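Chemist: Take a look at start_1.txt, compact mmCIF, N, CA and C atoms:
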# COMPACT_ATOMS: atom_id res chain seq x y z
N MET A 1 2.14 -10.55 -2.33
CA MET A 1 3.05 -9.46 -2.61
C MET A 1 2.86 -9.05 -4.07
N ASP A 2 2.63 -7.77 -4.27
CA ASP A 2 2.45 -7.25 -5.62
C ASP A 2 3.63 -6.35 -5.94
N ILE A 3 4.35 -6.69 -6.98
CA ILE A 3 5.51 -5.90 -7.38
C ILE A 3 5.14 -5.13 -8.63
N ASN A 4 5.12 -3.82 -8.53
CA ASN A 4 4.81 -2.98 -9.68
C ASN A 4 6.11 -2.68 -10.40
N THR A 5 6.44 -3.49 -11.41
CA THR A 5 7.73 -3.38 -12.08
C THR A 5 7.85 -2.10 -12.90
N GLU A 6 6.76 -1.63 -13.46
CA GLU A 6 6.85 -0.43 -14.30
C GLU A 6 7.30 0.77 -13.50
N ASN A 7 6.72 0.99 -12.34
CA ASN A 7 7.09 2.14 -11.52
C ASN A 7 8.48 1.98 -10.91
N GLN A 8 8.81 0.77 -10.48
CA GLN A 8 10.10 0.54 -9.84
C GLN A 8 11.27 0.69 -10.81
N GLU A 9 11.11 0.22 -12.03
CA GLU A 9 12.23 0.24 -12.97
C GLU A 9 12.51 1.63 -13.51
N ASN A 10 11.54 2.53 -13.45
CA ASN A 10 11.73 3.89 -13.97
C ASN A 10 12.09 4.88 -12.89
N THR A 11 12.10 4.47 -11.63
CA THR A 11 12.41 5.34 -10.52
C THR A 11 13.88 5.19 -10.18
N PRO A 12 14.59 6.32 -9.97
CA PRO A 12 16.00 6.21 -9.57
C PRO A 12 16.11 5.46 -8.23
N MET A 13 16.99 4.44 -8.21
CA MET A 13 17.18 3.64 -7.01
C MET A 13 18.66 3.51 -6.70
N THR A 14 18.94 3.31 -5.43
CA THR A 14 20.31 3.05 -5.03
C THR A 14 20.68 1.63 -5.42
N PHE A 15 21.95 1.30 -5.32
CA PHE A 15 22.42 -0.05 -5.63
C PHE A 15 21.73 -1.07 -4.74
N ALA A 16 21.63 -0.77 -3.44
CA ALA A 16 20.99 -1.69 -2.50
C ALA A 16 19.51 -1.87 -2.83
N GLU A 17 18.83 -0.79 -3.21
CA GLU A 17 17.42 -0.89 -3.58
C GLU A 17 17.24 -1.73 -4.83
N LYS A 18 18.13 -1.57 -5.81
CA LYS A 18 18.06 -2.37 -7.03
C LYS A 18 18.25 -3.85 -6.72
N ASN A 19 19.21 -4.15 -5.85
CA ASN A 19 19.44 -5.55 -5.48
C ASN A 19 18.24 -6.13 -4.74
N HIS A 20 17.64 -5.35 -3.85
CA HIS A 20 16.47 -5.83 -3.12
C HIS A 20 15.30 -6.05 -4.08
N PHE A 21 15.11 -5.15 -5.01
CA PHE A 21 14.04 -5.29 -6.00
C PHE A 21 14.27 -6.54 -6.86
N LEU A 22 15.51 -6.78 -7.27
CA LEU A 22 15.84 -7.98 -8.03
C LEU A 22 15.54 -9.23 -7.21
N TYR A 23 15.90 -9.21 -5.94
CA TYR A 23 15.60 -10.34 -5.05
C TYR A 23 14.10 -10.61 -5.01
N LEU A 24 13.30 -9.55 -4.85
CA LEU A 24 11.85 -9.72 -4.79
C LEU A 24 11.28 -10.28 -6.09
N LYS A 25 11.81 -9.84 -7.23
CA LYS A 25 11.35 -10.36 -8.52
C LYS A 25 11.69 -11.83 -8.66
N GLN A 26 12.91 -12.21 -8.26
CA GLN A 26 13.32 -13.61 -8.37
C GLN A 26 12.55 -14.49 -7.40
N LYS A 27 12.25 -13.97 -6.20
CA LYS A 27 11.45 -14.72 -5.24
C LYS A 27 10.04 -14.93 -5.79
N ALA A 28 9.47 -13.90 -6.40
CA ALA A 28 8.13 -14.02 -6.99
C ALA A 28 8.13 -15.05 -8.10
N MET A 29 9.20 -15.12 -8.87
CA MET A 29 9.29 -16.11 -9.94
C MET A 29 9.33 -17.53 -9.36
N LEU A 30 10.11 -17.72 -8.30
CA LEU A 30 10.15 -19.03 -7.65
C LEU A 30 8.76 -19.41 -7.12
N ASP A 31 8.06 -18.44 -6.53
CA ASP A 31 6.71 -18.69 -6.02
C ASP A 31 5.76 -19.09 -7.15
N THR A 32 5.92 -18.46 -8.30
CA THR A 32 5.09 -18.78 -9.47
C THR A 32 5.39 -20.19 -9.96
N PHE A 33 6.65 -20.53 -10.04
CA PHE A 33 7.03 -21.89 -10.46
C PHE A 33 6.40 -22.93 -9.53
N LEU A 34 6.45 -22.67 -8.23
CA LEU A 34 5.87 -23.59 -7.26
C LEU A 34 4.35 -23.68 -7.43
N ALA A 35 3.71 -22.55 -7.60
CA ALA A 35 2.25 -22.52 -7.74
C ALA A 35 1.77 -23.28 -8.98
N HIS A 36 2.59 -23.28 -10.02
CA HIS A 36 2.20 -23.95 -11.26
C HIS A 36 2.74 -25.38 -11.36
N GLY A 37 3.38 -25.84 -10.29
CA GLY A 37 3.86 -27.22 -10.26
C GLY A 37 5.13 -27.47 -11.06
N ALA A 38 5.83 -26.40 -11.43
CA ALA A 38 7.05 -26.57 -12.21
C ALA A 38 8.22 -27.05 -11.34
N ILE A 39 8.15 -26.76 -10.04
CA ILE A 39 9.18 -27.21 -9.10
C ILE A 39 8.47 -27.73 -7.85
N THR A 40 9.17 -28.55 -7.10
CA THR A 40 8.61 -29.08 -5.86
C THR A 40 8.84 -28.08 -4.72
N GLN A 41 8.16 -28.33 -3.60
CA GLN A 41 8.34 -27.47 -2.43
C GLN A 41 9.79 -27.51 -1.96
N ALA A 42 10.41 -28.69 -2.02
CA ALA A 42 11.81 -28.82 -1.60
C ALA A 42 12.74 -28.01 -2.50
N GLU A 43 12.48 -28.07 -3.82
CA GLU A 43 13.30 -27.29 -4.76
C GLU A 43 13.10 -25.78 -4.52
N HIS A 44 11.86 -25.39 -4.28
CA HIS A 44 11.56 -23.99 -4.00
C HIS A 44 12.31 -23.51 -2.76
N ASP A 45 12.21 -24.31 -1.69
CA ASP A 45 12.84 -23.92 -0.43
C ASP A 45 14.35 -23.81 -0.57
N LYS A 46 14.97 -24.77 -1.26
CA LYS A 46 16.43 -24.74 -1.45
C LYS A 46 16.83 -23.54 -2.29
N SER A 47 16.12 -23.31 -3.39
CA SER A 47 16.45 -22.19 -4.27
C SER A 47 16.26 -20.86 -3.56
N LEU A 48 15.18 -20.74 -2.78
CA LEU A 48 14.95 -19.50 -2.05
C LEU A 48 16.03 -19.28 -1.00
N HIS A 49 16.41 -20.34 -0.31
CA HIS A 49 17.49 -20.22 0.68
C HIS A 49 18.78 -19.77 0.01
N ASP A 50 19.15 -20.43 -1.09
CA ASP A 50 20.38 -20.08 -1.80
C ASP A 50 20.34 -18.63 -2.31
N LEU A 51 19.21 -18.22 -2.87
CA LEU A 51 19.04 -16.85 -3.35
C LEU A 51 19.19 -15.86 -2.20
N THR A 52 18.56 -16.16 -1.08
CA THR A 52 18.61 -15.27 0.09
C THR A 52 20.04 -15.10 0.58
N VAL A 53 20.77 -16.20 0.67
CA VAL A 53 22.15 -16.16 1.13
C VAL A 53 23.03 -15.39 0.14
N LYS A 54 22.93 -15.71 -1.15
CA LYS A 54 23.80 -15.08 -2.16
C LYS A 54 23.55 -13.59 -2.28
N MET A 55 22.30 -13.16 -2.09
CA MET A 55 21.99 -11.74 -2.23
C MET A 55 22.05 -10.99 -0.91
N GLY A 56 22.39 -11.69 0.18
CA GLY A 56 22.55 -11.04 1.47
C GLY A 56 21.25 -10.49 2.03
N GLU A 57 20.15 -11.14 1.72
CA GLU A 57 18.85 -10.69 2.20
C GLU A 57 18.48 -11.45 3.46
N SER A 58 17.69 -10.82 4.30
CA SER A 58 17.09 -11.57 5.39
C SER A 58 15.83 -12.21 4.82
N ASP A 59 15.39 -13.30 5.39
CA ASP A 59 14.22 -14.01 4.86
C ASP A 59 13.00 -13.14 4.96
N CYS A 60 12.36 -12.86 3.82
CA CYS A 60 11.18 -11.98 3.78
C CYS A 60 9.92 -12.75 4.05
Could you rewrite the structure in this file as structure tokens?
Modeler:
Amino acid sequence: MDINTENQENTPMTFAEKNHFLYLKQKAMLDTFLAHGAITQAEHDKSLHDLTVKMGESDC
């Protein structure tokens, strides 16, 4: 998944779109932490689950 932050942040978005974009950025950060060994798979899975629930997202 490639998130183009420059274009997304300068484009007018609805509240729901902003929240979804934030969710995707935070998910990408968790994926990066996992890829670099900063967190375990279990920590990644728990954090992603908690993030998904708190932001009202369906699992992407």
Chemist: Which value, in Å to one decimal, gives the distance between atom C of Thr40 in chain A and atom C of Leu22 in chain A?
Modeler: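 Result for atom C of Thr40 in chain A versus atom C of Leu22 in chain A: 20.2 Å, one decimal.
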Chemist: Could the centre and edge lengths of an axis-aligned box, enclosing all atoms of range 38-45 of chain A in the file with 5 Å extra on each side, be given in Å to one decimal as JSON?
Modeler:
{"center_x": 10.1, "center_y": -26.3, "center_z": -6.3, "size_x": 18.5, "size_y": 15.6, "size_z": 21.8}
Chemist: Hey, can you check how far CA of Phe33 in chain A sits from atom N of His49 in chain A?
Modeler: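 Atom-to-atom, CA of Phe33 in chain A to atom N of His49 in chain A, that is 13.9 Å.
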Chemist: For range 43-46 of chain A, list every protein, DNA or RNA residue within 8 Å, evaluated using all atoms listed in the file, and leave out those in the same chain fewer than 4 positions away; present the list as a count of residues only.
Modeler: 8
Chemist: Do you have the atom N of Ala28 in chain A-atom N of Pro12 in chain A distance handy?
Modeler: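 One can read the atom N of Ala28 in chain A to atom N of Pro12 in chain A distance as 21.2 Å.
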Chemist: Out of A:Ser58, A:Thr14, A:Gln41, A:Ser47, which residue has the shortest atom-to-atom distance to Lys27 in chain A when counting all atoms listed in the file?
Modeler: A:Ser47
Chemist: Per DSSP on the backbone, filter range 6-60 of chain A down to the residues in helix (DSSP H, G or I) and report them as a PyMOL selection string.
Modeler: chain A and resi 6-10+15-35+41-54
Chemist: For range 15-33 of chain A, which lacks atoms in the input, supply N, CA, C and O atoms and format the output as a PDB file, keeping the file's coordinate frame.
Modeler:
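Written file, part_39.pdb:
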ATOM      1  N   PHE A  15      21.950   1.300  -5.320  1.00  0.00           N
ATOM      2  CA  PHE A  15      22.420  -0.050  -5.630  1.00  0.00           C
ATOM      3  C   PHE A  15      21.730  -1.070  -4.740  1.00  0.00           C
ATOM      4  O   PHE A  15      21.263  -2.112  -5.207  1.00  0.00           O
ATOM      5  N   ALA A  16      21.630  -0.770  -3.440  1.00  0.00           N
ATOM      6  CA  ALA A  16      20.990  -1.690  -2.500  1.00  0.00           C
ATOM      7  C   ALA A  16      19.510  -1.870  -2.830  1.00  0.00           C
ATOM      8  O   ALA A  16      18.973  -2.982  -2.742  1.00  0.00           O
ATOM      9  N   GLU A  17      18.830  -0.790  -3.210  1.00  0.00           N
ATOM     10  CA  GLU A  17      17.420  -0.890  -3.580  1.00  0.00           C
ATOM     11  C   GLU A  17      17.240  -1.730  -4.830  1.00  0.00           C
ATOM     12  O   GLU A  17      16.298  -2.517  -4.930  1.00  0.00           O
ATOM     13  N   LYS A  18      18.130  -1.570  -5.810  1.00  0.00           N
ATOM     14  CA  LYS A  18      18.060  -2.370  -7.030  1.00  0.00           C
ATOM     15  C   LYS A  18      18.250  -3.850  -6.720  1.00  0.00           C
ATOM     16  O   LYS A  18      17.530  -4.700  -7.258  1.00  0.00           O
ATOM     17  N   ASN A  19      19.210  -4.150  -5.850  1.00  0.00           N
ATOM     18  CA  ASN A  19      19.440  -5.550  -5.480  1.00  0.00           C
ATOM     19  C   ASN A  19      18.240  -6.130  -4.740  1.00  0.00           C
ATOM     20  O   ASN A  19      17.857  -7.274  -4.987  1.00  0.00           O
ATOM     21  N   HIS A  20      17.640  -5.350  -3.850  1.00  0.00           N
ATOM     22  CA  HIS A  20      16.470  -5.830  -3.120  1.00  0.00           C
ATOM     23  C   HIS A  20      15.300  -6.050  -4.080  1.00  0.00           C
ATOM     24  O   HIS A  20      14.594  -7.058  -3.977  1.00  0.00           O
ATOM     25  N   PHE A  21      15.110  -5.150  -5.010  1.00  0.00           N
ATOM     26  CA  PHE A  21      14.040  -5.290  -6.000  1.00  0.00           C
ATOM     27  C   PHE A  21      14.270  -6.540  -6.860  1.00  0.00           C
ATOM     28  O   PHE A  21      13.341  -7.289  -7.126  1.00  0.00           O
ATOM     29  N   LEU A  22      15.510  -6.780  -7.270  1.00  0.00           N
ATOM     30  CA  LEU A  22      15.840  -7.980  -8.030  1.00  0.00           C
ATOM     31  C   LEU A  22      15.540  -9.230  -7.210  1.00  0.00           C
ATOM     32  O   LEU A  22      14.954 -10.196  -7.717  1.00  0.00           O
ATOM     33  N   TYR A  23      15.900  -9.210  -5.940  1.00  0.00           N
ATOM     34  CA  TYR A  23      15.600 -10.340  -5.050  1.00  0.00           C
ATOM     35  C   TYR A  23      14.100 -10.610  -5.010  1.00  0.00           C
ATOM     36  O   TYR A  23      13.666 -11.753  -5.125  1.00  0.00           O
ATOM     37  N   LEU A  24      13.300  -9.550  -4.850  1.00  0.00           N
ATOM     38  CA  LEU A  24      11.850  -9.720  -4.790  1.00  0.00           C
ATOM     39  C   LEU A  24      11.280 -10.280  -6.090  1.00  0.00           C
ATOM     40  O   LEU A  24      10.381 -11.131  -6.070  1.00  0.00           O
ATOM     41  N   LYS A  25      11.810  -9.840  -7.230  1.00  0.00           N
ATOM     42  CA  LYS A  25      11.350 -10.360  -8.520  1.00  0.00           C
ATOM     43  C   LYS A  25      11.690 -11.830  -8.660  1.00  0.00           C
ATOM     44  O   LYS A  25      10.876 -12.631  -9.136  1.00  0.00           O
ATOM     45  N   GLN A  26      12.910 -12.210  -8.260  1.00  0.00           N
ATOM     46  CA  GLN A  26      13.320 -13.610  -8.370  1.00  0.00           C
ATOM     47  C   GLN A  26      12.550 -14.490  -7.400  1.00  0.00           C
ATOM     48  O   GLN A  26      12.188 -15.625  -7.728  1.00  0.00           O
ATOM     49  N   LYS A  27      12.250 -13.970  -6.200  1.00  0.00           N
ATOM     50  CA  LYS A  27      11.450 -14.720  -5.240  1.00  0.00           C
ATOM     51  C   LYS A  27      10.040 -14.930  -5.790  1.00  0.00           C
ATOM     52  O   LYS A  27       9.478 -16.026  -5.681  1.00  0.00           O
ATOM     53  N   ALA A  28       9.470 -13.900  -6.400  1.00  0.00           N
ATOM     54  CA  ALA A  28       8.130 -14.020  -6.990  1.00  0.00           C
ATOM     55  C   ALA A  28       8.130 -15.050  -8.100  1.00  0.00           C
ATOM     56  O   ALA A  28       7.155 -15.809  -8.257  1.00  0.00           O
ATOM     57  N   MET A  29       9.200 -15.120  -8.870  1.00  0.00           N
ATOM     58  CA  MET A  29       9.290 -16.110  -9.940  1.00  0.00           C
ATOM     59  C   MET A  29       9.330 -17.530  -9.360  1.00  0.00           C
ATOM     60  O   MET A  29       8.651 -18.427  -9.851  1.00  0.00           O
ATOM     61  N   LEU A  30      10.110 -17.720  -8.300  1.00  0.00           N
ATOM     62  CA  LEU A  30      10.150 -19.030  -7.650  1.00  0.00           C
ATOM     63  C   LEU A  30       8.760 -19.410  -7.120  1.00  0.00           C
ATOM     64  O   LEU A  30       8.326 -20.561  -7.251  1.00  0.00           O
ATOM     65  N   ASP A  31       8.060 -18.440  -6.530  1.00  0.00           N
ATOM     66  CA  ASP A  31       6.710 -18.690  -6.020  1.00  0.00           C
ATOM     67  C   ASP A  31       5.760 -19.090  -7.150  1.00  0.00           C
ATOM     68  O   ASP A  31       4.917 -19.973  -6.991  1.00  0.00           O
ATOM     69  N   THR A  32       5.920 -18.460  -8.300  1.00  0.00           N
ATOM     70  CA  THR A  32       5.090 -18.780  -9.470  1.00  0.00           C
ATOM     71  C   THR A  32       5.390 -20.190  -9.960  1.00  0.00           C
ATOM     72  O   THR A  32       4.463 -20.953 -10.271  1.00  0.00           O
ATOM     73  N   PHE A  33       6.650 -20.530 -10.040  1.00  0.00           N
ATOM     74  CA  PHE A  33       7.030 -21.890 -10.460  1.00  0.00           C
ATOM     75  C   PHE A  33       6.400 -22.930  -9.530  1.00  0.00           C
ATOM     76  O   PHE A  33       5.868 -23.940  -9.985  1.00  0.00           O
TER      77      PHE A  33
END
